[in-house]
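Here's the structure we're looking at; comments come further down.
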2 protein chains.
Amino acid sequence: MVENLIYLAPAGAILALAFALYFAKSVKRYDEGTEEMKTIASAIREGARAYLRRQYSTVAIFFVGMFILLYVFVFLGYLNVFVPWAFITGGGFSGLAGFLGMSVATYTAGRTTNAARTSLNSALRVAFAGGSVMGLAVVGLGLLDLSVWFLLLDWFYAELPEIERMQMITSTMLLFGMGASAMGLFARVGGGIYTKGADVGADLVGKIEAGIPEDDPRNPATIADNVGDNVGDIAGMGADLYESYVGSIIATAALAVAAGFGMEGIIVPLAMAAVGVVASLIGMAFVRTKEDAVQSELLKALRKGTFISAGLIALVSWVIIVAALGWEHIGLYFAVLFGLVGGLAIGLSTEYFTSHQYKQTRNVAESAITGHATVIIRGFSVGMFSIAPFTLIIVGTILGSYAAAGGIGDFNMGVYGVGLGAVGLLATLGITLATDAYGPIADNAGGIAEMTSQEPIVRERTDALDALGNTTAATGKGFCIGSAGLTALALIVAYSEQIYIIAEDLGMELVLDLSIINVPTLIGLMLGAMLPFVFSSMTLTAVGRTAQMVVEEVRRQFRDITGLLEGTAKPDYSTCVDICAKAALKEMLLPAAVAILSPIIVGLLLGVEGVLGLLMGALLAGFMLAVMMANAGGSWDNAKKYVEEGNLGGKNSDAHKATITGDTVGDPFKDTSGPALDILIKLMSMVSLVFASFIMQNTLMM
Amino acid sequence: MVENLIYLAPAGAILALAFALYFAKSVKRYDEGTEEMKTIASAIREGARAYLRRQYSTVAIFFVGMFILLYVFVFLGYLNVFVPWAFITGGGFSGLAGFLGMSVATYTAGRTTNAARTSLNSALRVAFAGGSVMGLAVVGLGLLDLSVWFLLLDWFYAELPEIERMQMITSTMLLFGMGASAMGLFARVGGGIYTKGADVGADLVGKIEAGIPEDDPRNPATIADNVGDNVGDIAGMGADLYESYVGSIIATAALAVAAGFGMEGIIVPLAMAAVGVVASLIGMAFVRTKEDAVQSELLKALRKGTFISAGLIALVSWVIIVAALGWEHIGLYFAVLFGLVGGLAIGLSTEYFTSHQYKQTRNVAESAITGHATVIIRGFSVGMFSIAPFTLIIVGTILGSYAAAGGIGDFNMGVYGVGLGAVGLLATLGITLATDAYGPIADNAGGIAEMTSQEPIVRERTDALDALGNTTAATGKGFCIGSAGLTALALIVAYSEQIYIIAEDLGMELVLDLSIINVPTLIGLMLGAMLPFVFSSMTLTAVGRTAQMVVEEVRRQFRDITGLLEGTAKPDYSTCVDICAKAALKEMLLPAAVAILSPIIVGLLLGVEGVLGLLMGALLAGFMLAVMMANAGGSWDNAKKYVEEGNLGGKNSDAHKATITGDTVGDPFKDTSGPALDILIKLMSMVSLVFASFIMQNTLMM
């Protein structure tokens, strides 16, 4: 009977996809606005879809290559025959979720601008409906991929006794995450380089050199900038969270088996995810506000939806855990609660550091009075300091989930609890991601309003939506990092357990020494802690190079197209779109190679102990660095907004210029390099898992 | 007979101190120059000495408090009776070395300016003689402290059999480093906040607002700025390296006993340090150049001295190791060589990333064309990328020393090898520190030349000396970080060995699980990796606040003192000196409390496994962050110099302004926050060692 709870997962998946379709259709029913608005919205849409198509074509080559390589490994006996196929479905579904979510977002932006001509509330509802498609596509496709594979494997291994069957299924499914991780990395890094290359490039020439406002239609890079919001902040973020979602569920399933559970232990994370879909849908229904709402009421409306979802999940998880595992495992329910609360605490902590309603970001703004350098120093120091509450929240979540699950007497039960904490944190993903994806849609809507010279009231309304979007985007980033940290940790522990299962299959005698002073582990830790910095350096440099190319092209157009700055001639938007696309695709390859090859090379040289050190080192440094970059970036962004609202001299004052410098530095921090670290640490763990058997049989150190 | 080699250590100490006195006297024989030069030099000297006196008075309160606390612990049976006294001598000698070295430096700067009126070579010789006093005082007093205590303890425990006696001596001496560490932290943090608070403050109003040159006598903060060079870059750096020097020797001595050696194993690091004194003195004799030398020849002269010293140490270490340990341990000789080579490789790597003769810093300079933000982004990305070669060099040194010592079959022998590698790296300290301390002296000499309006040729010569000083300072920082990393690692391993010795004494059954996935260790790792970021945030904020106070005071003087900017009235230098001193003393307390309390609190909550995780996490993140901050800062500094040499538009161009922003951001990175991390990771290890017995008996986790 309990076994039937597994069907909650495909049911939840189908429900999510059905509502995604419903929201997509409902968005299309809204009016697209004037011809001019239609033209610009469609230019952005075309640019974004064209980029994504090109990105997927490039990535397809990688996927075909990997598929062949994985098949070779299947023939050599290092991998199970399902892995190459699951690799393709994981990557394919992740890509599909990104494409669907982003496409709908591009349909939504223009309609949001048009709705803003009526009222703030209607604009919010259009934008939020568009964002919901992204959220529901991610959870729907992720859950579909997982439940189909689970049922398929369960049928395939039906003759095995339950415990063995579950071990077989989870060992196999653990290897499935690599497809989604790889797609996530390309989406995050490629999209991140695109969006910030275009943004920084557009700002450097437009705002600073030519003195024209953001999103001014005379700026040849303005369409590329808006395209970037879609490919980076929507498609990239979706792929990142798709990975966390899938990764945390399968890692938890594997940890359930290690903790001694049968099918019921695997059902729990899947069923919780399914409940999360329903809870998200109910929460979404509550996101509405009065027609004459002000900005703070908008935020309340979004928050209400999230809190309602979280509350529902908290209630229903109790039932699931009692039904599936019995009253004696009620501690695991509290493990879930720690995850849920941790997720909310991260959101509040992010808001404290990045919103200009609080002291931290106001200090950054005030330091602008003494110039560019002090803004930078202060923003850094805020970003670095914000690491403290973040780390304490994650440590509290880990300790709480571990202890509640009974980890003090039973390590395996404790880490299963930590896994459930991660699943709990991600259970609200449907609505959280909708809230996040709403941000770039509002940003685009503002761009379209600017480019089509709408009445001031329209701009004011889209600006209000956009400002709110900055807050939800910052909160979303905290959520991405927190979930990535917990997921990576669950994957690392699951990996260390898998090693023994593989060793047993191979008939190897194995005792891992994972002591921090064991030399291979120590060297792994050092190399691992180095990687996030090197990786960030690469992505920062890539943004710089791309922005440089955009700057040169925009300068060329300002020089060569007569009448452009006067508004009598049209810029050539498509060259900038093209430059960004080419650069992003080229620049994403080297960081991806580093992420994929480093665990394999370290494994061959230093063995599994070295790999585990590497993963932990990368997790430690990557987590800290990602938090620092996200919060410093968010704080700089809002410090600029604070000055633009008329404080400290207001727009065009020297203080404003200094905060623009801060914002420009923060852009690649918070939207390229920082987020790319989330996926780096997860992808490295996934690669390690897939190549574990190969490494164990070929390393120099065993 | 071999035992007599121990007397090399006190002999080396006395030799070093004798030559320090000789160089100090030789500096005083040079002409002090004009009355005006004397006045300014003495104002700087008085400011610096006054600050150091106040710093030491503040620190004295802490030392008295700690002394009492340690004595309480002695009575409670947690500590040996020698520890409180050794705590005082370590701190006292470190402070004395800083005071002596800095005092002589302040006598040297004016004389260097005066010598620059004659020739570049004579200015170099004066400045280098002044710097040598710092180098020799540090190694002399450090070696004296160690050898006196060793001989005292050897006499005290004379009745014990050798192995037990050595274990007793090294266990006791391991606890001695805390005094030097604590003094080092206060010197680094207090001095670092002072120097950069004054520097940033002076630049923000002087260069940027008032448009007057650096070191202009009209700037009321200019004396404070020059005082800062002395208290931060000379006294602070000396105390930092004093700690590495002493810490690496005692950790290696303890590791020798764990590796199964008797007295001969302890003699090796002490004798090598003594040989380093002689080698440094010989190397110093080679630092001279032609009367009409150009800048590149100056660098060659300094390099020649260092290479000759390193070569001599490489030769004589062979003899020491064969004499003390026999041919069968010749592998340990190669461990020393790995350390020596690692030290030189770090120097070259730093130069590649920070000198504007190479691509990296030129790229930073070129990014100034597109404005402030791109300089910042590019400098960061250079700093982050430079972590890769640094980490690989340290990893290579660890692996090489470990393997050469025979660590593959014998862990304890391997880590003794790593300890000897650290000692090898630091054996050239006498001359390396002389080369480093020379930098701020040259900087001050340039300041005095500017303030006394010398002929252009004098400025050119002091500028040449100063530019060279920037290179040696950057190299010195790399050396500090590398040595701190290896020393902290040796301390961590020594700590983990001590735990078993303490447990045995207490009759406790103990098996440490230091696995990266053991929960207390994991939580320790996370908290440890968090601390360097939080610590850096505190020191950055402290610099910002101090600079802000300086800015306000300078603005006040520009406003209130009529005729100041016209050069008809004198500024009130002493208020700025006073503001910086007060702020530095106040701001250094919180970071120090974090460094000292965190291992104790984590120990009480999470036990020894948590502490070891904490130390390793702090080492990993601290090392990476320190390298990033030092090299990004160095690169920004030299990018500015590159533009000032007439490239990319030269002085007063927009590109120049952008590089000034970079340099201002880099100042607290490279001279306050980054260097403070070196001492943070060592002090945390030392505190953990001292409180180990207390923690083991009072933790919640055992």
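Chain lettering (A, B, ...) mirrors the order of the structure tokens, residue numbering begins at 1 for each chain separately, and ligand numbering begins at 1 in order of display.
The chain A residues that come within 6 Å of chain B are Ala373, Ile377, Ser381, Met384, Phe385, Leu514, Ser515, Ile516, Phe533, Val534, Ser537, Thr661, Thr664 and Val665 of chain A, with only C-alpha atoms taken into account.
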Deliver the residues from the most recent selection as a file, using C-alpha atoms, as a PDB file, in the first residue's frame.
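Everything below was put into part-v6.pdb:
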```pdb
ATOM      1  CA  ALA A 373      37.251  52.896  -4.350  1.00  0.00           C
ATOM      2  CA  ILE A 377      35.884  48.164  -0.515  1.00  0.00           C
ATOM      3  CA  SER A 381      33.314  43.826   3.091  1.00  0.00           C
ATOM      4  CA  MET A 384      32.403  38.814   2.992  1.00  0.00           C
ATOM      5  CA  PHE A 385      30.570  39.465   6.201  1.00  0.00           C
ATOM      6  CA  LEU A 514      39.405  10.578   4.515  1.00  0.00           C
ATOM      7  CA  SER A 515      41.335  12.249   7.311  1.00  0.00           C
ATOM      8  CA  ILE A 516      42.139  15.888   6.657  1.00  0.00           C
ATOM      9  CA  PHE A 533      38.815  30.921  -7.467  1.00  0.00           C
ATOM     10  CA  VAL A 534      40.362  29.859 -10.760  1.00  0.00           C
ATOM     11  CA  SER A 537      38.704  34.176 -12.600  1.00  0.00           C
ATOM     12  CA  THR A 661      31.057  51.454 -10.723  1.00  0.00           C
ATOM     13  CA  THR A 664      29.144  47.211 -12.834  1.00  0.00           C
ATOM     14  CA  VAL A 665      31.686  45.255 -10.792  1.00  0.00           C
TER      15      VAL A 665
END
```
Contacts of Asn631 (chain B) at 8 Å or less, counting only C-alpha atoms, minus same-chain residues fewer than 4 places along, as number ranges by chain?
B: 350, 353-354, 382-383, 386, 474, 627, 635, 670
Of B:Met168, B:Leu160, B:Ile249, B:Val277, the one sitting nearest Ile501 (chain B) when using only C-alpha atoms is B:Met168
I'd like the contact shell of region 591-597 of chain B - 9 Å cut-off, only C-alpha atoms, skipping same-chain residues fewer than 2 positions apart - returned as a PyMOL selection string.
chain B and resi 182+185-186+189+531+534-536+538-539+587-589+599-602+680-681+683-684+687-688
Store the residues picked out above, limited to C-alpha atoms, as a PDB file, in the first residue's frame.
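Once everything was written out, this is selection14.pdb:
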```pdb
ATOM      1  CA  ALA B 182      49.458  36.963  19.545  1.00  0.00           C
ATOM      2  CA  LEU B 185      48.418  39.405  15.161  1.00  0.00           C
ATOM      3  CA  PHE B 186      48.240  42.711  16.993  1.00  0.00           C
ATOM      4  CA  VAL B 189      46.221  43.985  12.286  1.00  0.00           C
ATOM      5  CA  LEU B 531      36.432  32.762   9.308  1.00  0.00           C
ATOM      6  CA  VAL B 534      34.645  37.367   8.134  1.00  0.00           C
ATOM      7  CA  PHE B 535      38.051  38.369   9.451  1.00  0.00           C
ATOM      8  CA  SER B 536      38.885  40.129   6.172  1.00  0.00           C
ATOM      9  CA  MET B 538      36.341  43.206   9.700  1.00  0.00           C
ATOM     10  CA  THR B 539      39.786  44.459   8.771  1.00  0.00           C
ATOM     11  CA  GLU B 587      39.833  48.264  15.641  1.00  0.00           C
ATOM     12  CA  MET B 588      42.413  45.531  16.215  1.00  0.00           C
ATOM     13  CA  LEU B 589      40.618  44.134  19.258  1.00  0.00           C
ATOM     14  CA  PRO B 599      39.196  27.634  18.359  1.00  0.00           C
ATOM     15  CA  ILE B 600      38.313  27.566  22.048  1.00  0.00           C
ATOM     16  CA  ILE B 601      34.564  27.889  21.485  1.00  0.00           C
ATOM     17  CA  VAL B 602      34.545  25.364  18.648  1.00  0.00           C
ATOM     18  CA  LEU B 680      45.239  34.337  11.700  1.00  0.00           C
ATOM     19  CA  ILE B 681      45.814  30.764  10.587  1.00  0.00           C
ATOM     20  CA  LEU B 683      47.543  32.005  15.785  1.00  0.00           C
ATOM     21  CA  MET B 684      44.453  29.779  15.647  1.00  0.00           C
ATOM     22  CA  VAL B 687      45.713  28.753  20.564  1.00  0.00           C
ATOM     23  CA  SER B 688      44.392  25.283  19.832  1.00  0.00           C
TER      24      SER B 688
END
```
Enter the distance from CA of Gly197 (chain A) to CA of Thr546 (chain A), in Å, rounded to one decimal.
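About the pair CA of Gly197 (chain A) and CA of Thr546 (chain A): they are 4.9 Å apart.
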One decimal, in Å: what's the spacing between CA of Lys586 (chain B) and CA of Gly184 (chain B)?
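So the answer is 16.4 Å.
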Determine, counting only C-alpha atoms, which protein, DNA and RNA residues have an atom within 9 Å of an atom of Arg117 (chain B); residues of the same chain fewer than 4 positions away are not included. Present the result as number ranges by chain.
B: 112-113, 123, 454-455, 457-458, 461
Nearest to Ser574 (chain B) by atom-to-atom distance, counting only C-alpha atoms, from B:Ala488, B:Ile223, B:Ile321, B:Ile234
B:Ile223
Write out as a list in words the residues lying within 12 Å of Leu325 (chain A), counting only C-alpha atoms and excluding same-chain residues fewer than 6 positions away.
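That gives Val2, Glu3, Leu5, Ala256, Gly260, Phe261, Gly262, Met263, Glu264, Gly265, Ile266, Ile267, Val268, Pro269, Ser317, Trp318, Val319, Gly331, Leu332 and Tyr333 of chain A.
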Would you list the contacts of Met696 (chain B) as a ChimeraX atom specification, taking every protein, DNA or RNA residue within 10 Å and counting only C-alpha atoms, but skipping same-chain residues closer than 3 positions in sequence?
/B:78,499,502-503,506,508,603-604,607-608,691-693,699-702
Tell me which of B:Ser119, B:Gln498, B:Asn230, B:Ser673 sits closest to Gln167 (chain B), counting only C-alpha atoms.
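The shortest atom-to-atom distance to Gln167 (chain B) comes from B:Gln498.
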Pick from A:Phe479, A:Tyr642, A:Tyr352, A:Tyr51: nearest to Thr195 (chain A), with only C-alpha atoms counted?
A:Tyr51
Neighbours of Phe128 (chain A) within 9 Å (only C-alpha atoms; same-chain residues fewer than 2 positions away dropped), as a PDB file with C-alpha atoms, in the first residue's frame?
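Here's the written file out-v7.pdb:
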```pdb
ATOM      1  CA  ALA A 123       1.285  43.795 -14.512  1.00  0.00           C
ATOM      2  CA  LEU A 124       2.289  41.696 -11.521  1.00  0.00           C
ATOM      3  CA  ARG A 125      -0.196  38.992 -12.419  1.00  0.00           C
ATOM      4  CA  VAL A 126       0.997  38.731 -16.026  1.00  0.00           C
ATOM      5  CA  GLY A 130       5.001  33.915 -16.994  1.00  0.00           C
ATOM      6  CA  GLY A 131       7.492  33.142 -14.237  1.00  0.00           C
ATOM      7  CA  SER A 132       5.312  30.313 -12.979  1.00  0.00           C
ATOM      8  CA  VAL A 133       5.785  28.455 -16.260  1.00  0.00           C
ATOM      9  CA  MET A 284       0.623  30.700  -6.569  1.00  0.00           C
ATOM     10  CA  VAL A 287      -0.156  35.853  -5.340  1.00  0.00           C
ATOM     11  CA  ALA A 434       8.346  31.411 -10.277  1.00  0.00           C
ATOM     12  CA  THR A 435       9.182  34.332  -7.986  1.00  0.00           C
ATOM     13  CA  ALA A 437      11.918  34.145 -12.932  1.00  0.00           C
ATOM     14  CA  TYR A 438       9.442  36.964 -12.463  1.00  0.00           C
ATOM     15  CA  GLY A 439      12.410  39.312 -11.810  1.00  0.00           C
ATOM     16  CA  ILE A 441      10.576  39.366 -16.872  1.00  0.00           C
TER      17      ILE A 441
END
```
